[in-house]
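Here's the structure, in structure tokens; my notes come after.
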Amino acid sequence: MKRTLFCLLFSMISLGSFAQMTDSQVMQFYQREHKAGTSNGQIVTKLMQRGVQIDQIRRIRNQYQSQNQTMAGNTTPTSSTGVLRNNNSTNKQNLTSGNMVLDKTSQETTQQQYVEVQPNIDERAEEVLSPGGKKVFGRDIFNNKLLSFEPNMNIATPTNYTIGAGDQVVIEIYGASQKTETLTVSPEGTVTVPGYGPIAISGMSVAAANEKIRRTLGSRYNSSRIKASVGQTRTIIVNVMGEVKVPGTYTVSAFASVFHALYMAGGINGLGTLRNIKVFRSGRLATVVDVYDYILNGRLTGNIRLQDNDVIVVGPYDCLVDVSGSVKRPMTYEMRKNESVASVIRYAGGFAGNAYKKSVRLLRSTGREKSVYNIGEFDMNNFHVADGDVLSVDSILDRYANMVEVKGAVFRPGLYQLGREINSVRSLIQHAEGVTEDAFTAHAVLHRLKKDRTLEVIAVDIAGIMNGTVADIPLQNEDVLFVPTQSDRTISRTITIHGEVQYPGIYQFADNETIEDFIMQAGGLTDAASTVKVDVARRIIDPVATTSPKEIAKTFSLTLKEGFVIDGSAGFKLQPYDEVYVRRSPGYQPQRNVSVVGEVVFGGSYTLNNKNMRLSALVKMAGGLSPEAYVRGARIERRINDEERIRMKSVMRVVNNQGEKDSINTALLDSAETYYVGIELDKALQNPGSNYDIVLREGDKLIVPEYNGTVKISGDVMYPNTVAYEDGRSYKYYINQAGGFGTRAKKSKAFVVYQNGTVSMAGKRKIEPGCEIIVPSKPKSTGNGLAGVLGIGTSLASLATMIATIGNLIK
């Protein structure tokens with residue numbers, strides 16, 4: 001009893017440990033187990049062990065049975081003409097447990113079921129390439145997911161259809177007696193009619209079987225009529241061999257064709273033929289299938305209905321020809337060896353619109369080397385192709401046979417046909433509807449190709465030709481006539497303005513333009529412009545000069561008055577290529593601002609009143625110093641101007657060119673935007689105008705800090721530190737406060753940076769509050785000390801001994 005309870009508890013735990021399976025997961029599990037050979041009862045048991053309830057299994061069964069009935073239809077006769085059939089090409093997969101059945105015969109699509117049965121060929125849209133890696137025309141036809149060549153099951157049964165075991169025969173009796181019998185041909189080839197007995201009809205055609213059944217049952221039903229038809233057909237076994245993706249034996253419908261069997265086998269592989277597919281029946285060749293005949297002509301010649309035990313053999317291809325160039329469908333094509341070049345071009349869709357049709361080029365491998373053949377248009381039907389041939393169709397030349405062109409100042413420029421109507425310059429201008437109003441007709445240009453395809457230029461007087469005073473010029477093929485406009489002659493003539501105008505730059509020259517007009521065109525003068533000096537530089541043009549003159553330009557200095565009247569030369573006219581310079585007025589000065597921050601009464605920005613404004617004046621403008629101000633620590637932060645930036649770059653170039661690495665950090669020097677100016681503000685305020693009272697520059701910032709009663713010690717000391725300031729103490733006292741000098745300290749090079757920006761060697765000046773003592777370091781040792789010198793000496797001694805020994809041996 002305990003053991004039973006333990007097993008029940010274990011089963012409940014096991015069922016709870018599996019997550020609930022969906023319907024699709026149940027079907028996937030069934031398919032996987034069924035292919036592994038597991039019986040249907042064992043599959044149901046495994047499903048229940050994985051937590052699938054029996055109600056879910058029954059629901060899935062009912063769902064698939066309902067789909068089967070909807071898609072396959074009722075097997076009972078619906079009319080006197082027969083019953084509807086369903087495609088039974090794929091194997092039926094049933095899941096049974098007792099009286100429970102999960103039927104997988106619902107025919108969603110034959111291709112979809114085939115993917116489930118044959119998972120190794122489920123990618124049907126892939127391209128099938130030749131051994132050379134090229135796509136062969138038509139070879140992917142059996143790999144198309146949407147083209148399965150399924151047989152039509154609901155057509156009238158062919159009269160030559162041979163009845164066999166598994167066929168469903170429907171016997172209809174009507175008249176005095178009404179009766180319908182749906183019977184299946186047994187493996188022995190008989191159908192058993194209830195109340196009568198077996199009738200052997202296997203191997204007979206439908207017509208012969210109908211006659212035998214009518215003759216056999218006629219004695220019983222004298223007053224009725226009897227008709228026999230075929231209902232659901234049997235499945236047959238066919239073998240697909242050779243160069244297909246999945247060769248093997250397949251179960252297909254009795255109505256299946258060769259194409260459908262090839263589709264079931266996954267299609268033709270990279271070596272297979274499309275032109276010579278053979279079907280053998282009872283050991284004899286039944287038909288030969290040419291897929292190209294179907295693709296290109298729509299004919300199903302050879303695509304016969306298969307019979308039981310037919311063998312389809314797909315051999316390797318005979319001949320592949322690569323077609324490139326100006327054809328409608330450049331690709332690789334499979335050809336028969338007796339086919340011609342014309343057939344290849346026809347398979348490729350024919351010549352493209354730009355193809356050169358008089359001759360094509362064919363490259364062929366002759367076994368030892370390659371050969372080239374130029375095949376004329378009348379030999380294409382007779383020249384047979386071979387395996388590996390490469391056929392190329394050239395394009396026509398990019399030339400014209402009867403073309404002239406007119407460009408420029410005409411109403412209808414473009415290409416025109418050279419012929420009877422257009423044969424000269426006059427007729428070409430007339431067909432272009434004449435020249436435009438701005439045309440420069442005195443000198444047009446005619447470009448003509450010489451025999452060597454180089455250009456020559458012919459000057460054309462359009463006006464003289466049109467009014468008859470100049471002889472007309474005959475045109476030749478590919479002549480190009482260019483008629484310029486008046487603006488074309490002057491489009492390169494410009495005038496330039498520089499300096500204090502709103503929009504300086506280059507402008508198009510116009511006749512009769514004055515200096516006033518030009519300045520207004522450039523947006524007018526700026527506020528900084530000078531009206532007492534405007535210069536105009538004029539180019540000297542002397543087309544008849546024979547020597548180079550010393551004077552290269554002429555300058556005019558003008559003065560502008562109110563209303564832009566020119567002093568001394570009113571209405572000064574500009575000429576092409578003039579350059580105007582509007583100078584900056586020396587009396588125009590924009591504001592220059594400085595700032596003061598920190599311990600002053602009114603901090604902020606201030607404007608320099610004059611160029612020589614000094615430090616004491618700025619403090620006075622700021623209301624003086626506050627009581628908390630530490631005057632000795634005041635400093636100025638100054639922006640680097642362009643001139644100083646150039647000097648810095650020169651210093652960096654010198655440093656970078658030195659062989660030894662310098663201590664200057666060139667990266668920081670290049671990126672700096674400001675620097676500090678060391679000042680003594682207390683002396684500047686005591687002695688205004690002295691050297692201590694420095695002259696300010698635009699952008700300067702005066703920083704007046706609070707009192708800082710500390711001293712900072714940094715660099716190569718044992719413990720960098722900041723300590724309280726003590727009056728009268730030397731710098732060595734503060735070094736001791738940092739633990740003393742470091743092991744690589746440069747004691748003699750120690751220096752002090754004061755809060756006001758000044759710098760002094762340590763010991764030269766008194767230590768002040770807020771300063772920083774910096775001790776630099778010696779460079780790291782390179783190993784060339786005493787030990788290094790001794791090692792070099794030992795090596796030299798050994799070398800000398802070796803040289804002496806070699807000398808003694810030579811002696």
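To be explicit about the labels: the chains of the structure tokens are called A, B, and onward in the order shown, and within each one the residues are counted from 1, while ligands get numbers from 1 in the order they are shown.
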Using DSSP on the backbone coordinates, identify all residues within segment 414-600 of chain A classified as strand (DSSP E or B); present the result as a ChimeraX atom specification.
-> /A:414-417,424,435,439,444-449,455-460,474,479-483,485,494-499,501,505-508,514,525,529-539,553-558,560,566,573,579-584,593-598,600
So which residues touch segment 593-600 of chain A within 10 Å, counting only C-alpha atoms, skipping near sequence neighbours fewer than 5 positions away, as a VMD selection string?
-> chain A and resid 605 to 609 618 to 631 634 636 to 638 696 to 707
Which residues, written as a PyMOL selection string, have at least one atom at most 9 Å from Ile540 of chain A, with only C-alpha atoms counted and residues fewer than 3 positions away on the same chain left out?
-> chain A and resi 551-554
With a distance cut-off of 9 Å and only C-alpha atoms, select the neighbouring residues of Gly523 of chain A, excluding the residue or stretch itself and same-chain residues fewer than 5 positions from it, and output the selection as a PyMOL selection string.
-> chain A and resi 501-504+518
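The closest residue to Lys134 of chain A, picked from A:Asn303, A:Ser324, A:Asn222, A:Gln232 and counting only C-alpha atoms, is A:Ser324.
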